[in-house]
There are 2 protein chains.
Amino acid sequence: MSINYPLSMTVAMEQVMIILCVLFTLAFFASAVFKRFGVPGLIGEIFVGIFVANLVIGDWSLLGFLHIERPIPGVAGSGNENWNMIEMIAELGIVFLLFVVGMETKVKDLTSVGRTAMLVAVLGVAIPFVAGYALMMAWDGNIYHAMFMGAAMVATSIGITAQAIKDMKMMSKKESRIIIGAAVIDDIIGLIVLAVVAGMAMTGSVDYIDITEMMIISVMFVALILLFCAKAVPKIACKILGSCEKRRTKDPGWRSNIDIFVVAIIVCLLLSTLAYQMRLAMIIGAFLAGMIFADYAHDAGLTKKMESLTAFFLPFFFVYVGLHIDLSSFTASLLLLAAIVIVLAFVTKYVGCGLGVILGGKEKISPHIVGTGMVPRGEVGIIVATIGIGIIVAGEPALTNDLFAVIVLMAVVTTLIAPFMLSSAYKKKYGGREPEDEPRDDCPCEDR
Amino acid sequence: MSINYPLSMTVAMEQVMIILCVLFTLAFFASAVFKRFGVPGLIGEIFVGIFVANLVIGDWSLLGFLHIERPIPGVAGSGNENWNMIEMIAELGIVFLLFVVGMETKVKDLTSVGRTAMLVAVLGVAIPFVAGYALMMAWDGNIYHAMFMGAAMVATSIGITAQAIKDMKMMSKKESRIIIGAAVIDDIIGLIVLAVVAGMAMTGSVDYIDITEMMIISVMFVALILLFCAKAVPKIACKILGSCEKRRTKDPGWRSNIDIFVVAIIVCLLLSTLAYQMRLAMIIGAFLAGMIFADYAHDAGLTKKMESLTAFFLPFFFVYVGLHIDLSSFTASLLLLAAIVIVLAFVTKYVGCGLGVILGGKEKISPHIVGTGMVPRGEVGIIVATIGIGIIVAGEPALTNDLFAVIVLMAVVTTLIAPFMLSSAYKKKYGGREPEDEPRDDCPCEDR
């Protein structure tokens with residue numbers, strides 16, 4: 001046809017729509033096939049990402065066909081707009097997932113496992129960091145490589161574990177609570193480790209004031225929200241949901257104009273953004289936001305509605321994780337290093353967190369399940385590596401492109417392994433699935 | 001704090017998250033307040049867009065604070081990435097909305113009003129075009145200005161009307177069917193008008209082959225999908241939903257691994273993209289995709305799930321429409337022209353479409369409701385104007401920046417007025433609201 005004009009104002013919406021179609025459709029089929037063989041669907045989605053990123057036939061590549069340009073590590077502003085669109089949708093996906101996980105977690109669920117979760121987190125940070133640090137000192141003796149490898153080993157990506165647990169309907173188990181609680185604490189400690197490492201690489205010294213400030217702010221952020229959940233939320237819910245006066249009045253009045261689902265989305269976006277501003281991961285904010293609604297989510301139908309939202313967003317996250325793997329960048333010696341790093345990343349996290357459970361002294365809790373659940377590094381490990389590659393020390397980046405590739409592979413492989421093991425570990429201990437909808441009979445409002 | 005590092009790989013996710021928070025929260029409050037006073041919530045959301053776009057205090061502007069740069073009309077590549085993110089979410093919002101509208105429209109609903117809808121569409125295109133053309137010939141005598149003004153007058157944005165009708169739960173009324181059907185036909189005719197106008201501006205002549213080709217393809221696209229709905233869908237639904245063998249077997253087998261909601265999203269994305277490739281509006285594809293699921297959407301819970309998705313996306317669309325208005329660009333003479341254009345746009349569409357109903361000879365149908373429902377120009381009018389401004393004729397754009405501003409104002413104002421009038425017109429004829437969930441008892445599978 002001879003006439004070509006833009007049908008849209010600015011974005012090449014055409015490209016974006018094709019990308020969304022292709023990734024979403026492939027993710028659906030891969031997920032359905034993997035589930036058919038008893039493998040968690042998200043593994044299939046990560047494989048779709050790896051497949052799309054690495055399908056090259058001569059001069060033709062699938063990435064090129066889809067007009068996706070991945071960012072070059074360490075080069076600011078690299079990667080094109082289509083990549084950024086995928087990233088945005090992916091990040092919203094993981095934010096919404098953690099929001100749902102939060103909605104299934106009550107404050108008392110966390111406090112009841114608080115001590116154990118703390119031990120799991122601390123040991124799950126310390127042992128991997130030391131191992132990563134020691135490995136790189138032995139490998140090339142570069143202290144910055146060692147520090148960033150240690151920091152990347154520390155990260156736990158709760159999103160993958162959370163989705164696997166949700167798929168198995170095991171969210172209410174004690175082990176799941178400990179994993180979630182430990183992941184929140186882990187994120188705060190990991191943030192501090194990263195700040196120390198990045199600060200040392202940039203300035204050669206440790207800024208204790210900055211670190212103390214960061215520590216106080218992030219702990220206060222978490223504590224304030226937990227306090228808010230326990231004290232203020234029941235009263236607000238009374239007013240907005242009318243949950244405490246069900247029997248008194250049938251007239252919804254001004255409440256009929258308020259969609260509680262939209263309020264939930266607002267709280268989720270606000271706390272994610274706030275967490276981000278405090279340099280915590282957005283997903284921590286989203287998780288805490290979910291906890292605010294934990295007592296009412298089921299009755300108000302929030303969980304179901306949020307799950308419709310994640311059904312669209314979340315597959316893009318797992319595809320996005322896979323998209324980071326560039327198979328062509330691996331040489332034999334790099335693969336050897338990667339293999340060592342992967343084994344070390346798995347073993348140290350598994351042992352550290354398992355040890356935390358055993359020292360926690362709760363005999364009924366399986367250290368095997370908790371240890372496995374904390375293994376995935378996912379996007380958090382990749383973010384640490386990205387920061388390392390962006391810091392220039394004496395004319396060189398603190399992390400090389402090769403080591404970046406190793407860390408990305410480690411992050412993706414730990415993410416791929418964990419759901420398998422987790423799934424069989426849960427099945428071994430608890431047998432089949434729980435019923436999908438456990439009725440909740442503990443609405444605090446109605447008790448009064 | 002002294003250490004600053006990117007927490008995300010490429011996108012300034014921080015900016016995007018803040019923008020999403022601010023726009024979504026403002027949209028929620030505006031919508032709740034407007035609804036409280038009996039005004040459709042989407043009006044409040046459009047006002048939020050106008051407010052955000054025009055809040056300037058000295059050197060400070062809210063747009064600047066949010067790091068949103070709107071595109072400069074006619075300048076390719078202008079507008080920043082944050083704007084494009086909003087646009088993407090907005091476009092997905094209107095796509096998902098029309099998908100839901102499609103799910104509430106059965107093939108027989110459309111065919112039963114086919115003749116009337118065709119008359120409404122044709123007269124609703126012809127009269128506004130002639131009026132817009134004549135006005136600009138009288139105003140400045142520029143034939144290109146006249147052609148693009150005519151084309152912009154033609155566009156109907158069904159999204160706004162659809163949302164208003166949905167809010168009132170009037171989707172099953174005859175008038176609503178006619179409006180939807182006419183909007184689909186209108187979009188096809190509008191596409192052809194635009195092609196003719198743009199072709200004449202660019203080449204000075206009309207490419208009849210191109211136009212014939214376009215006409216055949218778009219009519220075939222629509223016809224094929226309607227045929228598919230009527231013939232193939234019941235059989236596929238049998239297999240995937242198992243809806244025809246409910247009593248025979250309880251075992252879902254391989255179907256348990258297939259999430260029909262995800263399938264629906266895939267079909268929606270695919271047909272929207274396909275429509276776009278054929279230069280039809282994406283929303284036409286989404287609407288037709290929805291019709292594929294019309295017989296099963298209610299039973300499979302699709303409508304509710306899609307509504308959770310639109311609850312997130314759609315407010316951004318209405319805000320996005322409002323964001324296009326730049327109040328500072330209006331001078332007195334331009335405001336006079338804008339006023340004339342707005343009145344003309346309203347009257348000609350209303351009269352043209354109303355006349356279509358009367359000539360259609362269905363006495364029970366209210367010409368007033370149909371005429372009002374076709375009035376909003378919304379984003380389609382803006383897109384036409386954007387194309388006009390991008391075409392250079394003898395060194396000058398076919399449409400000036402001033403006329404662009406006038407058309408945008410016309411598009412937004414017609415969009416603001418229509419829902420009010422539509423709401424009171426429906427109330428006058430049908431009284432209060434229908435029950436929210438009409439039970440559907442016509443599953444074609446079970447009849448067999």
# chains A, B, ... in the order shown; residues from 1 in each chain; ligands from 1

$ select_by_dssp --residues "segment 249-446 of chain B" --states "strand (DSSP E or B)" --output "PyMOL selection string"
chain B and resi 392-393+396-397

$ residues_around --residues "Thr111 of chain B" --least-positions-apart "2" --cutoff "12 Å" --atoms "only C-alpha atoms" --output "list in words"
Thr105, Lys106, Val107, Lys108, Asp109, Val113, Gly114, Arg115, Thr116, Ala117, Met118, Lys174, Arg177, Ile178, Ile180, Gly181, Ala182, Ala223, Leu226, Leu227 and Ala230 of chain B

$ residues_around --residues "Gly41 of chain A" --least-positions-apart "4" --cutoff "7 Å" --atoms "only C-alpha atoms" --output "PyMOL selection string"
chain A and resi 31-32+34-35+45

$ residues_around --residues "segment 292-298 of chain A" --least-positions-apart "2" --cutoff "6 Å" --atoms "only C-alpha atoms" --output "mmCIF file with N, CA and C atoms, in the first residue's frame"
data_model
loop_
_atom_site.group_PDB
_atom_site.id
_atom_site.type_symbol
_atom_site.label_atom_id
_atom_site.label_comp_id
_atom_site.auth_asym_id
_atom_site.auth_seq_id
_atom_site.Cartn_x
_atom_site.Cartn_y
_atom_site.Cartn_z
ATOM 1 N N MET A 103 -1.089 -10.021 50.953
ATOM 2 C CA MET A 103 -2.497 -10.136 51.344
ATOM 3 C C MET A 103 -2.793 -11.483 51.997
ATOM 4 N N GLU A 104 -1.916 -12.448 51.760
ATOM 5 C CA GLU A 104 -2.119 -13.774 52.354
ATOM 6 C C GLU A 104 -1.280 -13.948 53.608
ATOM 7 N N LYS A 106 -0.629 -12.480 57.462
ATOM 8 C CA LYS A 106 -1.062 -11.598 58.540
ATOM 9 C C LYS A 106 0.113 -11.269 59.448
ATOM 10 N N CYS A 229 -0.765 -1.783 60.433
ATOM 11 C CA CYS A 229 -1.630 -2.950 60.185
ATOM 12 C C CYS A 229 -2.355 -3.343 61.464
ATOM 13 N N ALA A 289 2.359 -3.553 51.775
ATOM 14 C CA ALA A 289 1.049 -3.005 51.391
ATOM 15 C C ALA A 289 0.000 -4.111 51.404
ATOM 16 N N GLY A 290 0.380 -5.264 50.899
ATOM 17 C CA GLY A 290 -0.543 -6.394 50.904
ATOM 18 C C GLY A 290 -0.950 -6.770 52.317
ATOM 19 N N ALA A 300 -13.390 -9.237 50.800
ATOM 20 C CA ALA A 300 -13.685 -8.192 49.827
ATOM 21 C C ALA A 300 -13.386 -8.655 48.393
ATOM 22 N N GLY A 301 -12.969 -9.908 48.228
ATOM 23 C CA GLY A 301 -12.683 -10.433 46.889
ATOM 24 C C GLY A 301 -11.420 -9.840 46.281
ATOM 25 N N LEU A 302 -10.583 -9.239 47.122
ATOM 26 C CA LEU A 302 -9.392 -8.570 46.584
ATOM 27 C C LEU A 302 -8.405 -9.551 45.979
ATOM 28 N N THR A 303 -8.221 -10.686 46.659
ATOM 29 C CA THR A 303 -7.223 -11.640 46.192
ATOM 30 C C THR A 303 -7.519 -12.080 44.767
#

$ closest_residue --among "A:Phe47, A:Trp60, A:Tyr144, A:Phe313" --to "chain B" --atoms "only C-alpha atoms"
A:Phe313

$ residues_around --residues "segment 304-311 of chain B" --least-positions-apart "5" --cutoff "7 Å" --atoms "only C-alpha atoms" --output "PyMOL selection string"
(chain A and resi 262+305+308-309) or (chain B and resi 93+96-97+100)

$ residues_around --residues "Phe148 of chain B" --least-positions-apart "3" --cutoff "10 Å" --atoms "only C-alpha atoms" --output "number ranges by chain"
B: 129, 132-133, 136, 143-145, 151-154, 193-194, 197-198, 201, 384-389, 398-399, 403-404, 407

$ atom_distance --atom1 "atom CA of Leu334 of chain A" --atom2 "atom CA of Pro397 of chain A"
18.1 Å

$ atom_distance --atom1 "atom CA of Trp139 of chain A" --atom2 "atom CA of Ile417 of chain A"
25.1 Å

$ closest_residue --among "B:Ile382, B:Ala237, B:Met171, B:Leu323" --to "Ile68 of chain B" --atoms "only C-alpha atoms"
B:Leu323

$ residues_around --residues "Ile94 of chain A" --least-positions-apart "3" --cutoff "7 Å" --atoms "only C-alpha atoms" --output "PDB file with all heavy atoms, in the first residue's frame"
ATOM      1  N   ALA A  90       7.170  -5.937  33.538  1.00  0.00           N
ATOM      2  CA  ALA A  90       7.724  -6.999  34.374  1.00  0.00           C
ATOM      3  C   ALA A  90       7.781  -6.565  35.834  1.00  0.00           C
ATOM      4  O   ALA A  90       7.378  -7.303  36.734  1.00  0.00           O
ATOM      5  CB  ALA A  90       9.113  -7.378  33.878  1.00  0.00           C
ATOM      6  N   GLU A  91       8.246  -5.349  36.062  1.00  0.00           N
ATOM      7  CA  GLU A  91       8.381  -4.880  37.439  1.00  0.00           C
ATOM      8  C   GLU A  91       7.018  -4.717  38.103  1.00  0.00           C
ATOM      9  O   GLU A  91       6.836  -5.039  39.274  1.00  0.00           O
ATOM     10  CB  GLU A  91       9.167  -3.557  37.480  1.00  0.00           C
ATOM     11  CG  GLU A  91      10.589  -3.706  36.947  1.00  0.00           C
ATOM     12  CD  GLU A  91      11.630  -3.263  37.966  1.00  0.00           C
ATOM     13  OE1 GLU A  91      11.298  -3.142  39.159  1.00  0.00           O
ATOM     14  OE2 GLU A  91      12.781  -3.048  37.559  1.00  0.00           O
ATOM     15  N   LEU A  97       2.528  -9.311  42.321  1.00  0.00           N
ATOM     16  CA  LEU A  97       2.613 -10.651  42.921  1.00  0.00           C
ATOM     17  C   LEU A  97       2.896 -10.556  44.413  1.00  0.00           C
ATOM     18  O   LEU A  97       2.235 -11.189  45.228  1.00  0.00           O
ATOM     19  CB  LEU A  97       3.712 -11.486  42.247  1.00  0.00           C
ATOM     20  CG  LEU A  97       3.988 -12.807  42.963  1.00  0.00           C
ATOM     21  CD1 LEU A  97       2.779 -13.732  42.888  1.00  0.00           C
ATOM     22  CD2 LEU A  97       5.210 -13.509  42.399  1.00  0.00           C
ATOM     23  N   LEU A  98       3.891  -9.742  44.770  1.00  0.00           N
ATOM     24  CA  LEU A  98       4.233  -9.643  46.182  1.00  0.00           C
ATOM     25  C   LEU A  98       3.117  -9.001  46.980  1.00  0.00           C
ATOM     26  O   LEU A  98       2.938  -9.269  48.174  1.00  0.00           O
ATOM     27  CB  LEU A  98       5.552  -8.880  46.360  1.00  0.00           C
ATOM     28  CG  LEU A  98       6.779  -9.763  46.453  1.00  0.00           C
ATOM     29  CD1 LEU A  98       6.840 -10.449  47.808  1.00  0.00           C
ATOM     30  CD2 LEU A  98       6.842 -10.804  45.366  1.00  0.00           C
ATOM     31  N   GLY A 159      10.222 -13.361  44.802  1.00  0.00           N
ATOM     32  CA  GLY A 159       9.148 -13.478  43.822  1.00  0.00           C
ATOM     33  C   GLY A 159       8.980 -14.883  43.265  1.00  0.00           C
ATOM     34  O   GLY A 159       7.882 -15.416  43.189  1.00  0.00           O
ATOM     35  N   ILE A 283       9.416  -4.497  45.812  1.00  0.00           N
ATOM     36  CA  ILE A 283       8.570  -5.627  46.194  1.00  0.00           C
ATOM     37  C   ILE A 283       8.388  -5.700  47.710  1.00  0.00           C
ATOM     38  O   ILE A 283       7.378  -6.211  48.186  1.00  0.00           O
ATOM     39  CB  ILE A 283       9.121  -6.973  45.664  1.00  0.00           C
ATOM     40  CG1 ILE A 283      10.577  -7.174  46.044  1.00  0.00           C
ATOM     41  CG2 ILE A 283       8.961  -7.037  44.158  1.00  0.00           C
ATOM     42  CD1 ILE A 283      11.100  -8.542  45.620  1.00  0.00           C
ATOM     43  N   LEU A 314       2.433 -10.801  35.288  1.00  0.00           N
ATOM     44  CA  LEU A 314       3.500 -11.624  35.839  1.00  0.00           C
ATOM     45  C   LEU A 314       4.291 -12.422  34.804  1.00  0.00           C
ATOM     46  O   LEU A 314       5.522 -12.515  34.923  1.00  0.00           O
ATOM     47  CB  LEU A 314       2.933 -12.543  36.924  1.00  0.00           C
ATOM     48  CG  LEU A 314       3.964 -13.170  37.848  1.00  0.00           C
ATOM     49  CD1 LEU A 314       4.852 -12.110  38.474  1.00  0.00           C
ATOM     50  CD2 LEU A 314       3.263 -13.978  38.936  1.00  0.00           C
ATOM     51  N   PHE A 317       7.340 -10.824  33.728  1.00  0.00           N
ATOM     52  CA  PHE A 317       8.471 -10.790  34.652  1.00  0.00           C
ATOM     53  C   PHE A 317       9.390 -11.989  34.453  1.00  0.00           C
ATOM     54  O   PHE A 317      10.604 -11.852  34.359  1.00  0.00           O
ATOM     55  CB  PHE A 317       8.001 -10.725  36.108  1.00  0.00           C
ATOM     56  CG  PHE A 317       9.137 -10.834  37.073  1.00  0.00           C
ATOM     57  CD1 PHE A 317       9.998  -9.767  37.253  1.00  0.00           C
ATOM     58  CD2 PHE A 317       9.393 -12.013  37.737  1.00  0.00           C
ATOM     59  CE1 PHE A 317      11.080  -9.871  38.106  1.00  0.00           C
ATOM     60  CE2 PHE A 317      10.468 -12.132  38.598  1.00  0.00           C
ATOM     61  CZ  PHE A 317      11.313 -11.052  38.780  1.00  0.00           C
TER      62      PHE A 317
END

$ select_by_dssp --residues "segment 99-200 of chain B" --states "alpha helix (DSSP H)" --output "ChimeraX atom specification"
/B:99-103,107-111,114-139,143-154,158-167,174-200

$ closest_residue --among "B:Pro315, B:Gly44, B:Gly354, B:Pro376" --to "Ala30 of chain B" --atoms "only C-alpha atoms"
B:Gly44

$ atom_distance --atom1 "atom CA of Gln163 of chain B" --atom2 "atom CA of Pro419 of chain B"
8.9 Å
